[in-house]
>>> print(open('coords02.cif').read())   # mmCIF, C-alpha atoms
data_my_file
loop_
_atom_site.label_atom_id
_atom_site.label_comp_id
_atom_site.auth_asym_id
_atom_site.auth_seq_id
_atom_site.Cartn_x
_atom_site.Cartn_y
_atom_site.Cartn_z
CA MET A 1 113.59 96.95 129.41
CA GLU A 2 110.42 95.34 130.78
CA GLN A 3 109.95 91.80 129.51
CA PRO A 4 106.73 91.18 127.56
CA HIS A 5 104.14 88.89 129.05
CA ILE A 6 103.60 85.66 127.16
CA SER A 7 100.80 83.11 127.04
CA VAL A 8 101.79 79.58 126.02
CA ALA A 9 98.84 77.76 124.42
CA ILE A 10 98.80 73.95 124.19
CA PRO A 11 95.91 71.64 123.16
CA MET A 12 96.07 68.12 124.60
CA LEU A 13 94.34 64.90 123.56
CA GLY A 14 95.82 61.66 124.88
CA GLU A 15 99.12 63.30 125.85
CA ALA A 16 99.80 61.96 129.37
CA VAL A 17 102.94 60.17 128.12
CA ASN A 18 104.41 63.51 126.99
CA LEU A 19 103.40 65.59 130.00
CA ASP A 20 106.57 65.21 132.10
CA SER A 21 108.85 66.09 129.18
CA LEU A 22 106.72 69.11 128.27
CA LEU A 23 106.64 70.44 131.83
CA ASP A 24 110.41 69.94 132.12
CA CYS A 25 110.93 72.05 128.98
CA LEU A 26 108.71 74.78 130.40
CA ARG A 27 110.39 74.73 133.81
CA ARG A 28 113.80 75.15 132.18
CA GLN A 29 112.83 78.34 130.34
CA THR A 30 115.08 81.34 130.88
CA CYS A 31 112.04 83.55 130.36
CA ARG A 32 109.73 83.28 133.37
CA THR A 33 107.13 85.90 132.38
CA PHE A 34 104.75 83.42 130.83
CA SER A 35 101.47 81.78 131.72
CA LEU A 36 100.51 78.33 130.49
CA TYR A 37 97.06 77.63 129.03
CA VAL A 38 96.15 74.00 128.34
CA CYS A 39 92.98 72.66 126.73
CA VAL A 40 92.47 68.95 127.46
CA ASN A 41 89.83 67.91 124.96
CA GLN A 42 87.84 65.20 123.19
CA PRO A 43 84.29 64.68 121.83
CA GLU A 44 81.68 64.07 124.55
CA THR A 45 80.44 60.90 122.82
CA TRP A 46 83.79 59.19 123.45
CA HIS A 47 82.67 58.60 127.04
CA LEU A 48 80.15 56.07 125.64
CA SER A 49 82.37 54.75 122.84
CA ASN A 50 83.09 51.07 122.28
CA THR A 51 86.22 51.97 120.31
CA GLU A 52 89.37 50.94 122.17
CA TRP A 53 91.42 53.98 121.09
CA GLN A 54 88.69 56.45 122.05
CA GLN A 55 88.25 54.77 125.44
CA SER A 56 92.00 54.95 126.01
CA VAL A 57 91.96 58.68 125.21
CA VAL A 58 89.17 59.26 127.74
CA SER A 59 91.25 57.57 130.46
CA ASP A 60 94.41 59.33 129.35
CA ASN A 61 92.73 62.74 129.44
CA LEU A 62 91.40 62.13 132.95
CA LEU A 63 94.94 61.26 134.07
CA THR A 64 96.28 64.39 132.34
CA LEU A 65 93.74 66.59 134.12
CA LYS A 66 94.65 65.05 137.49
CA ARG A 67 98.38 65.55 136.96
CA LEU A 68 97.94 69.10 135.69
CA SER A 69 95.87 69.96 138.77
CA GLN A 70 98.92 69.11 140.88
CA VAL A 71 101.23 71.58 139.08
CA ASN A 72 101.96 74.47 141.43
CA ASP A 73 105.16 75.99 140.09
CA ILE A 74 103.79 77.28 136.76
CA ASN A 75 101.04 79.86 136.31
CA LEU A 76 98.59 77.41 134.74
CA THR A 77 95.04 77.69 133.40
CA ILE A 78 93.33 74.40 132.54
CA ILE A 79 90.42 74.36 130.09
CA ASP A 80 88.57 71.09 130.63
CA ARG A 81 86.81 69.97 127.45
CA SER A 82 87.20 66.26 128.15
CA SER A 83 85.70 65.15 131.47
CA LYS A 84 82.12 63.86 131.40
CA GLY A 85 79.70 66.63 130.52
CA HIS A 86 82.46 68.93 129.25
CA GLY A 87 83.52 67.30 125.95
CA TRP A 88 82.92 68.76 122.50
CA PRO A 89 79.77 68.14 120.49
CA ASP A 90 80.74 65.75 117.68
CA LYS A 91 80.25 68.36 114.96
CA ALA A 92 82.38 70.93 116.78
CA SER A 93 85.40 68.95 117.94
CA GLY A 94 89.05 68.64 117.04
CA VAL A 95 92.32 70.48 117.49
CA GLY A 96 90.94 73.59 115.78
CA GLN A 97 88.25 73.90 118.44
CA ALA A 98 90.85 73.39 121.16
CA ARG A 99 93.13 76.09 119.76
CA LYS A 100 90.16 78.44 119.40
CA ALA A 101 89.12 77.84 123.02
CA LEU A 102 92.68 78.59 124.13
CA MET A 103 92.88 81.79 122.09
CA GLU A 104 89.48 82.99 123.30
CA ARG A 105 90.48 82.53 126.94
CA ILE A 106 93.81 84.29 126.43
CA ALA A 107 92.17 87.11 124.47
CA ALA A 108 89.59 87.58 127.23
CA GLU A 109 92.30 87.99 129.87
CA HIS A 110 94.97 90.07 128.10
CA ASP A 111 95.42 93.17 125.96
CA ASP A 112 96.84 93.57 122.46
CA ASN A 113 100.45 93.47 123.67
CA GLU A 114 100.20 89.87 124.87
CA ILE A 115 102.38 87.45 122.91
CA VAL A 116 100.92 83.99 122.30
CA VAL A 117 103.32 81.08 121.78
CA SER A 118 101.51 78.09 120.30
CA LEU A 119 102.96 74.65 121.05
CA ASP A 120 101.96 70.99 121.01
CA ALA A 121 102.40 68.57 123.88
CA ASP A 122 104.73 66.25 121.95
CA THR A 123 107.24 69.02 121.19
CA ASP A 124 110.67 69.64 122.74
CA PHE A 125 112.31 73.07 122.77
CA ALA A 126 115.44 74.67 124.19
CA ALA A 127 115.62 76.63 127.44
CA ASP A 128 115.62 79.97 125.63
CA TYR A 129 112.87 79.13 123.12
CA ILE A 130 110.05 81.19 124.63
CA ARG A 131 112.38 84.18 124.98
CA GLN A 132 113.52 83.85 121.35
CA ALA A 133 109.98 83.42 120.04
CA ALA A 134 108.72 86.45 121.93
CA GLY A 135 111.71 88.50 120.76
CA ALA A 136 111.06 87.57 117.13
CA VAL A 137 107.47 88.81 117.38
CA GLY A 138 108.20 91.85 119.55
CA HIS A 139 106.16 95.01 119.94
CA ASP A 140 107.74 97.23 117.30
CA GLY A 141 105.16 96.35 114.65
CA ALA A 142 107.72 94.92 112.24
CA SER A 143 106.39 91.38 112.62
CA GLY A 144 103.20 90.52 114.43
CA ALA A 145 103.70 86.78 114.01
CA LEU A 146 106.37 84.09 113.83
CA CYS A 147 106.65 80.89 111.82
CA THR A 148 109.19 78.94 113.88
CA PRO A 149 111.75 76.59 112.32
CA TYR A 150 111.05 72.95 113.19
CA TYR A 151 112.92 69.65 113.10
CA HIS A 152 111.14 66.36 113.76
CA ARG A 153 112.66 63.85 116.16
CA LEU A 154 113.07 60.40 114.63
CA ALA A 155 111.15 57.61 116.33
CA GLY A 156 113.75 54.86 115.99
CA ASP A 157 111.30 52.76 114.00
CA GLN A 158 112.43 52.17 110.40
CA ARG A 159 108.98 52.32 108.84
CA ILE A 160 107.90 55.44 110.72
CA ASP A 161 111.21 57.22 110.20
CA ARG A 162 111.18 56.61 106.44
CA THR A 163 107.72 58.09 105.93
CA LEU A 164 108.49 60.90 108.38
CA LEU A 165 111.69 61.85 106.57
CA ARG A 166 109.98 61.74 103.19
CA TYR A 167 107.13 63.97 104.39
CA GLU A 168 109.49 66.45 106.05
CA CYS A 169 111.63 66.58 102.90
CA TYR A 170 108.47 67.25 100.88
CA MET A 171 107.59 70.17 103.18
CA ARG A 172 111.12 71.58 103.10
CA HIS A 173 111.37 71.23 99.32
CA TYR A 174 108.11 73.19 99.00
CA MET A 175 109.26 75.85 101.48
CA VAL A 176 112.62 76.31 99.73
CA ASN A 177 110.89 76.87 96.40
CA MET A 178 108.46 79.37 97.90
CA LEU A 179 111.32 81.28 99.51
CA GLU A 180 113.31 81.30 96.28
CA ILE A 181 110.47 82.94 94.34
CA GLY A 182 109.93 85.52 97.08
CA SER A 183 106.39 84.40 97.91
CA PRO A 184 104.64 86.34 100.70
CA TYR A 185 103.22 82.95 101.72
CA ALA A 186 106.56 81.19 102.25
CA PHE A 187 105.81 79.58 105.59
CA THR A 188 105.31 76.06 106.90
CA ALA A 189 102.37 76.18 109.30
CA LEU A 190 102.65 73.86 112.29
CA GLY A 191 100.53 74.42 115.39
CA SER A 192 103.60 73.61 117.47
CA ALA A 193 105.70 76.23 115.69
CA MET A 194 104.01 79.61 115.68
CA ALA A 195 103.66 82.76 117.77
CA PHE A 196 101.89 86.09 117.41
CA THR A 197 100.71 89.13 119.30
CA LEU A 198 97.06 89.33 120.31
CA LYS A 199 96.91 92.53 118.26
CA ALA A 200 97.90 90.64 115.11
CA TYR A 201 95.60 87.72 115.99
CA ARG A 202 92.60 90.01 116.46
CA HIS A 203 93.39 91.98 113.33
CA ALA A 204 93.51 88.74 111.33
CA GLY A 205 90.07 87.73 112.59
CA GLY A 206 91.19 84.87 114.82
CA ILE A 207 91.42 81.17 114.21
CA THR A 208 88.94 79.05 112.25
CA PRO A 209 88.14 75.91 114.28
CA LEU A 210 88.80 73.25 111.66
CA GLN A 211 89.44 69.52 112.23
CA GLY A 212 92.91 70.10 110.75
CA GLY A 213 94.75 72.84 108.88
CA GLU A 214 93.62 75.56 111.29
CA ASP A 215 97.27 76.53 111.75
CA PHE A 216 97.75 77.04 107.98
CA TYR A 217 94.67 79.24 107.59
CA LEU A 218 95.59 81.34 110.62
CA MET A 219 99.13 81.93 109.34
CA GLN A 220 97.76 82.81 105.90
CA LYS A 221 95.45 85.41 107.45
CA LEU A 222 98.36 86.78 109.48
CA ALA A 223 100.46 87.02 106.29
CA LYS A 224 97.69 89.03 104.59
CA CYS A 225 97.42 91.41 107.54
CA GLY A 226 101.09 91.95 108.30
CA ARG A 227 104.48 90.30 108.45
CA ILE A 228 105.52 86.83 109.64
CA ALA A 229 109.05 86.49 111.02
CA LEU A 230 110.87 83.33 109.94
CA LEU A 231 113.54 82.97 112.63
CA GLY A 232 113.06 82.64 116.38
CA GLY A 233 114.36 79.45 117.93
CA THR A 234 113.59 75.90 116.78
CA VAL A 235 111.04 73.37 117.99
CA TYR A 236 111.43 69.59 117.84
CA PRO A 237 108.09 67.79 117.41
CA GLN A 238 107.87 64.02 117.64
CA GLY A 239 107.55 62.16 114.37
CA ARG A 240 104.65 59.92 115.29
CA VAL A 241 101.66 58.25 113.71
CA SER A 242 98.58 60.12 114.87
CA ARG A 243 94.81 60.03 114.46
CA ARG A 244 94.37 63.35 116.23
CA VAL A 245 93.98 65.30 112.96
CA THR A 246 92.65 64.51 109.49
CA PHE A 247 95.81 65.56 107.66
CA GLY A 248 99.32 66.76 108.42
CA THR A 249 102.40 65.06 109.80
CA GLY A 250 100.69 62.35 111.88
CA PRO A 251 98.43 61.02 109.09
CA ALA A 252 101.23 61.40 106.52
CA VAL A 253 103.59 59.29 108.63
CA ALA A 254 100.89 56.60 108.82
CA MET A 255 100.65 56.35 105.01
CA SER A 256 102.36 53.77 102.86
CA MET A 257 105.30 55.16 100.93
CA ASP A 258 103.45 54.91 97.61
CA SER A 259 100.37 56.67 98.97
CA GLN A 260 102.45 59.45 100.46
CA ALA A 261 104.43 59.91 97.24
CA ALA A 262 101.17 60.21 95.29
CA LYS A 263 99.64 62.76 97.67
CA TYR A 264 102.79 64.72 98.48
CA PRO A 265 105.05 64.80 95.39
CA PHE A 266 108.11 67.01 94.98
CA TYR A 267 106.71 69.75 92.74
CA ALA A 268 108.92 70.93 89.89
CA LYS A 269 110.80 74.20 90.20
CA LYS A 270 109.26 75.46 86.96
CA SER A 271 105.81 75.27 88.57
CA PHE A 272 106.90 77.79 91.19
CA GLN A 273 108.49 79.94 88.49
CA SER A 274 105.06 80.13 86.86
CA VAL A 275 103.73 81.56 90.12
CA LYS A 276 106.53 84.14 90.20
CA GLU A 277 105.88 85.12 86.57
CA THR A 278 102.21 85.65 87.44
CA TYR A 279 103.08 87.85 90.42
CA ASP A 280 105.50 89.85 88.25
CA LEU A 281 102.65 90.62 85.83
CA PHE A 282 100.32 92.09 88.46
CA PRO A 283 101.42 95.73 87.81
CA ILE A 284 100.81 95.27 84.08
CA LEU A 285 97.39 93.73 84.75
CA PHE A 286 96.35 96.98 86.39
CA GLU A 287 96.82 98.73 83.05
CA ARG A 288 95.62 96.11 80.59
CA ASP A 289 94.64 92.48 80.13
CA VAL A 290 97.50 90.05 79.73
CA GLU A 291 97.55 86.27 79.97
CA THR A 292 99.50 84.95 82.95
CA PRO A 293 100.68 81.39 83.62
CA MET A 294 97.94 81.11 86.25
CA SER A 295 95.08 82.77 84.34
CA ALA A 296 93.46 79.61 82.97
CA PHE A 297 93.67 77.95 86.39
CA LEU A 298 92.12 80.98 88.12
CA ARG A 299 89.32 81.24 85.57
CA GLU A 300 88.40 77.64 86.34
CA GLN A 301 88.79 77.95 90.10
CA LEU A 302 86.89 81.22 90.41
CA LYS A 303 84.27 80.38 87.75
CA THR A 304 84.83 83.63 85.88
CA ASP A 305 86.09 84.66 82.47
CA ASP A 306 88.18 87.49 83.98
CA PRO A 307 89.71 87.07 87.46
CA TRP A 308 91.18 90.58 87.40
CA ARG A 309 88.28 92.82 86.30
CA PRO A 310 86.60 93.00 89.74
CA LEU A 311 89.92 93.93 91.32
CA ARG A 312 90.51 96.75 88.79
CA ARG A 313 87.02 98.04 89.51
CA ASN A 314 87.47 98.04 93.28
CA PHE A 315 91.13 99.05 93.69
CA LYS A 316 91.97 102.31 91.97
CA THR A 317 95.74 102.56 92.46
CA PRO A 318 98.46 100.19 91.22
CA GLN A 319 99.62 99.54 94.79
CA LEU A 320 96.18 98.58 96.07
CA PHE A 321 95.48 96.48 92.97
CA VAL A 322 98.73 94.52 93.26
CA ARG A 323 98.08 93.86 96.95
CA ALA A 324 94.55 92.66 96.12
CA CYS A 325 95.99 90.30 93.49
CA LYS A 326 98.41 88.88 96.06
CA GLU A 327 95.54 88.39 98.50
CA ARG A 328 93.57 86.53 95.84
CA VAL A 329 96.49 84.38 94.66
CA ASP A 330 97.32 83.30 98.20
CA GLY A 331 99.11 80.33 99.71
CA LEU A 332 96.19 77.97 99.21
CA ARG A 333 95.74 79.00 95.56
CA ILE A 334 99.46 78.55 94.93
CA LEU A 335 99.38 75.02 96.36
CA GLN A 336 96.28 74.19 94.31
CA PHE A 337 97.96 75.56 91.19
CA VAL A 338 101.21 73.62 91.47
CA ARG A 339 99.17 70.49 92.21
CA SER A 340 97.06 71.07 89.10
CA LEU A 341 100.14 71.19 86.87
CA ALA A 342 101.07 67.64 87.97
CA CYS A 343 104.68 68.44 87.14
CA HIS A 344 106.91 66.62 89.60
CA GLU A 345 110.62 66.14 90.21
CA PRO A 346 111.89 62.63 90.93
CA ALA A 347 113.03 62.17 94.53
CA LEU A 348 116.81 62.25 94.76
CA LEU A 349 116.75 59.27 97.13
CA ASP A 350 114.80 56.06 97.43
CA PHE A 351 112.98 56.67 100.70
CA ALA A 352 111.76 53.08 100.82
CA ASN A 353 115.17 51.43 100.54
CA ASP A 354 118.11 53.82 101.02
CA PRO A 355 119.83 53.83 104.44
CA ILE A 356 118.10 55.97 107.08
CA ASP A 357 121.36 57.89 107.58
CA SER A 358 121.33 58.91 103.90
CA LEU A 359 117.71 60.05 104.12
CA ASP A 360 118.45 61.99 107.30
CA SER A 361 121.47 63.65 105.64
CA TYR A 362 119.25 64.77 102.77
CA ARG A 363 116.76 66.17 105.31
CA ASP A 364 119.65 68.06 106.94
CA HIS A 365 120.74 69.43 103.56
CA LEU A 366 117.26 70.81 102.90
CA PHE A 367 117.03 72.13 106.46
CA ALA A 368 120.32 74.02 106.09
CA LYS A 369 119.20 75.47 102.75
CA GLU A 370 115.84 76.50 104.19
CA MET A 371 117.47 78.14 107.22
CA HIS A 372 119.85 80.07 104.97
CA LEU A 373 116.92 81.39 102.94
CA ARG A 374 114.89 82.16 106.07
CA ALA A 375 117.79 84.27 107.32
CA GLU A 376 118.10 86.06 103.97
CA VAL A 377 114.38 86.82 103.71
CA GLY A 378 113.76 87.53 107.40
CA ALA A 379 110.00 87.88 107.17
CA VAL A 380 107.17 87.36 104.68
CA GLY A 381 103.71 88.83 104.25
CA LEU A 382 101.88 91.66 102.50
CA SER A 383 102.86 94.57 104.76
#
>>> encode(input="coords02.cif", output="structure tokens")
Amino acid sequence: MEQPHISVAIPMLGEAVNLDSLLDCLRRQTCRTFSLYVCVNQPETWHLSNTEWQQSVVSDNLLTLKRLSQVNDINLTIIDRSSKGHGWPDKASGVGQARKALMERIAAEHDDNEIVVSLDADTDFAADYIRQAAGAVGHDGASGALCTPYYHRLAGDQRIDRTLLRYECYMRHYMVNMLEIGSPYAFTALGSAMAFTLKAYRHAGGITPLQGGEDFYLMQKLAKCGRIALLGGTVYPQGRVSRRVTFGTGPAVAMSMDSQAAKYPFYAKKSFQSVKETYDLFPILFERDVETPMSAFLREQLKTDDPWRPLRRNFKTPQLFVRACKERVDGLRILQFVRSLACHEPALLDFANDPIDSLDSYRDHLFAKEMHLRAEVGAVGLS
């Protein structure tokens, strides 16, 4: 069987320190039918900045461009959005813009069958990762996208590792609950841990170039348009403090423990059960009005006295109506809802004081549970 062609897409901002490790991972791949697309990027104004970190990024990006230009054993396309005269306008900068530039170049050069593997420069992966990711997406139409399992590398710094482990446990706790209720939006969106066909990407309407969270919104659109596979290798991002994005792992790791606990609590299981009860009532809502656990929240969010009436008017069969309800009550709405309930579970461990080994063991427990559920479910989405 002919191997599919694959485009590996990686944004870079201040990543020279990770370049050798990344290229080593790529050179070790058992699958050789891939091309590498890299977007080295920063705002144009950083060339005139007096900020030490921004100046260091400018120098780092110039070094990255020089070293990438010397790579001759990988089919490499470099998108330069960092050297003088090529940086982003301030109002249109960030990782979302970089990912969009990468996807636009790949889409311009390949047909619908192309598989895009999205990675980050600080991420390690096994020699068969690209092959596994491409196989999980495939061309049979069953799943047009992949949400890859991930596992952050510890930094060896007590303060960083504690906040990293707490944040990862928060994400895994959320994912486990979403999988247990059978949510079509049970995915953890990381830019370093996703893949999709160009057909699925185009059908979903492409990526929105946000300063952060662009990966979440893309995966949500992919879930609404098709199926997202949940198994296909594992990636190992660094657990590092980062100012590259406005929210996500890097900023969360930089938080104090109290601030992180306030922003990222462990939501109670009964909050997710309220979501499931609402989904279970969608077929009944097609026939008649009934109050759901989420109705009051949706009335407030959508500024309407009846969130369901427009859907009944526009979707004339139970199947189409239920799908429309699931599109409306999507992953973002679910997160907003469980936040609004402010019903939290106490953490099983004291992340500020318990031994790192105990915290890491709890992370491993949640990881094993999540992987078991991923295997049971296989894929999520609305198709």
>>> residues_around(input="coords02.cif", residues="Lys84 of chain A", least_positions_apart="2", cutoff="8 Å", atoms="all atoms listed in the file", output="ChimeraX atom specification")
/A:44,47,82,86-87
>>> atom_distance(input="coords02.cif", atom1="atom CA of Ala324 of chain A", atom2="atom CA of Leu341 of chain A")
24.0 Å
>>> resolve_selection(input="coords02.cif", expression="the PyMOL selection byres ((chain A and resi 166-171) around 8)", output="list of chain:residue names")
A:His152, A:Arg162, A:Thr163, A:Leu164, A:Leu165, A:Arg172, A:His173, A:Tyr174, A:Met175, A:Thr188, A:Thr249, A:Ala252, A:Val253, A:Gln260, A:Tyr264, A:Pro265, A:Phe266, A:Phe351, A:Leu359, A:Tyr362, A:Arg363, A:Leu366
>>> write_last_selection(input="coords02.cif", atoms="C-alpha atoms", output="compact mmCIF listing (two decimals), in the coordinates of the input")
# COMPACT_ATOMS: atom_id res chain seq x y z
CA HIS A 152 111.14 66.36 113.76
CA ARG A 162 111.18 56.61 106.44
CA THR A 163 107.72 58.09 105.93
CA LEU A 164 108.49 60.90 108.38
CA LEU A 165 111.69 61.85 106.57
CA ARG A 172 111.12 71.58 103.10
CA HIS A 173 111.37 71.23 99.32
CA TYR A 174 108.11 73.19 99.00
CA MET A 175 109.26 75.85 101.48
CA THR A 188 105.31 76.06 106.90
CA THR A 249 102.40 65.06 109.80
CA ALA A 252 101.23 61.40 106.52
CA VAL A 253 103.59 59.29 108.63
CA GLN A 260 102.45 59.45 100.46
CA TYR A 264 102.79 64.72 98.48
CA PRO A 265 105.05 64.80 95.39
CA PHE A 266 108.11 67.01 94.98
CA PHE A 351 112.98 56.67 100.70
CA LEU A 359 117.71 60.05 104.12
CA TYR A 362 119.25 64.77 102.77
CA ARG A 363 116.76 66.17 105.31
CA LEU A 366 117.26 70.81 102.90
>>> residues_around(input="coords02.cif", residues="Val71 of chain A", least_positions_apart="4", cutoff="12 Å", atoms="only C-alpha atoms", output="list in words")
Leu19, Asp20, Leu23, Asp24, Leu26, Arg27, Leu36, Thr64, Leu65, Lys66, Arg67, Asn75, Leu76, Thr77 and Ile78 of chain A
>>> resolve_selection(input="coords02.cif", expression="the PyMOL selection byres ((chain A and resi 191) around 7)", output="JSON, numbers by chain")
{"A": [118, 119, 120, 189, 190, 192, 193, 194, 215]}
>>> write_last_selection(input="coords02.cif", atoms="C-alpha atoms", output="short mmCIF file (atom, residue, chain, number, x, y, z; two decimals), keeping the file's coordinate frame")
data_model
loop_
_atom_site.label_atom_id
_atom_site.label_comp_id
_atom_site.auth_asym_id
_atom_site.auth_seq_id
_atom_site.Cartn_x
_atom_site.Cartn_y
_atom_site.Cartn_z
CA SER A 118 101.51 78.09 120.30
CA LEU A 119 102.96 74.65 121.05
CA ASP A 120 101.96 70.99 121.01
CA ALA A 189 102.37 76.18 109.30
CA LEU A 190 102.65 73.86 112.29
CA SER A 192 103.60 73.61 117.47
CA ALA A 193 105.70 76.23 115.69
CA MET A 194 104.01 79.61 115.68
CA ASP A 215 97.27 76.53 111.75
#
>>> closest_residue(input="coords02.cif", among="A:Ala136, A:Ala98, A:Ile74, A:Ile181", to="Gln273 of chain A", atoms="all atoms listed in the file")
A:Ile181
>>> resolve_selection(input="coords02.cif", expression="the PyMOL selection byres ((chain A and resi 133) around 9)", output="ChimeraX atom specification")
/A:117,128-132,134-138,146,148,194-196,231-234
>>> residues_near_point(input="coords02.cif", point="(102.7, 86.5, 123.7)", cutoff="8 Å", atoms="all atoms listed in the file", output="list in words")
Pro4, His5, Ile6, Ser7, Val8, Asn113, Glu114, Ile115, Val116, Val117, Ala134, Ala195, Phe196, Thr197 and Leu198 of chain A
>>> closest_residue(input="coords02.cif", among="A:Val290, A:Leu320, A:Ile106, A:Leu62", to="Phe34 of chain A", atoms="all atoms listed in the file")
A:Ile106
>>> residues_around(input="coords02.cif", residues="Leu102 of chain A", least_positions_apart="5", cutoff="7 Å", atoms="only C-alpha atoms", output="list in words")
Ala9, Tyr37 and Cys39 of chain A
>>> closest_residue(input="coords02.cif", among="A:Val38, A:Ala121, A:Gly212, A:Ala229", to="Val17 of chain A", atoms="only C-alpha atoms")
A:Ala121
>>> closest_residue(input="coords02.cif", among="A:Glu370, A:Asp124, A:Glu104, A:Asp157", to="Gly206 of chain A", atoms="all atoms listed in the file")
A:Glu104
>>> closest_residue(input="coords02.cif", among="A:Phe272, A:Phe286, A:Trp308, A:Tyr185", to="Asp330 of chain A", atoms="all atoms listed in the file")
A:Tyr185
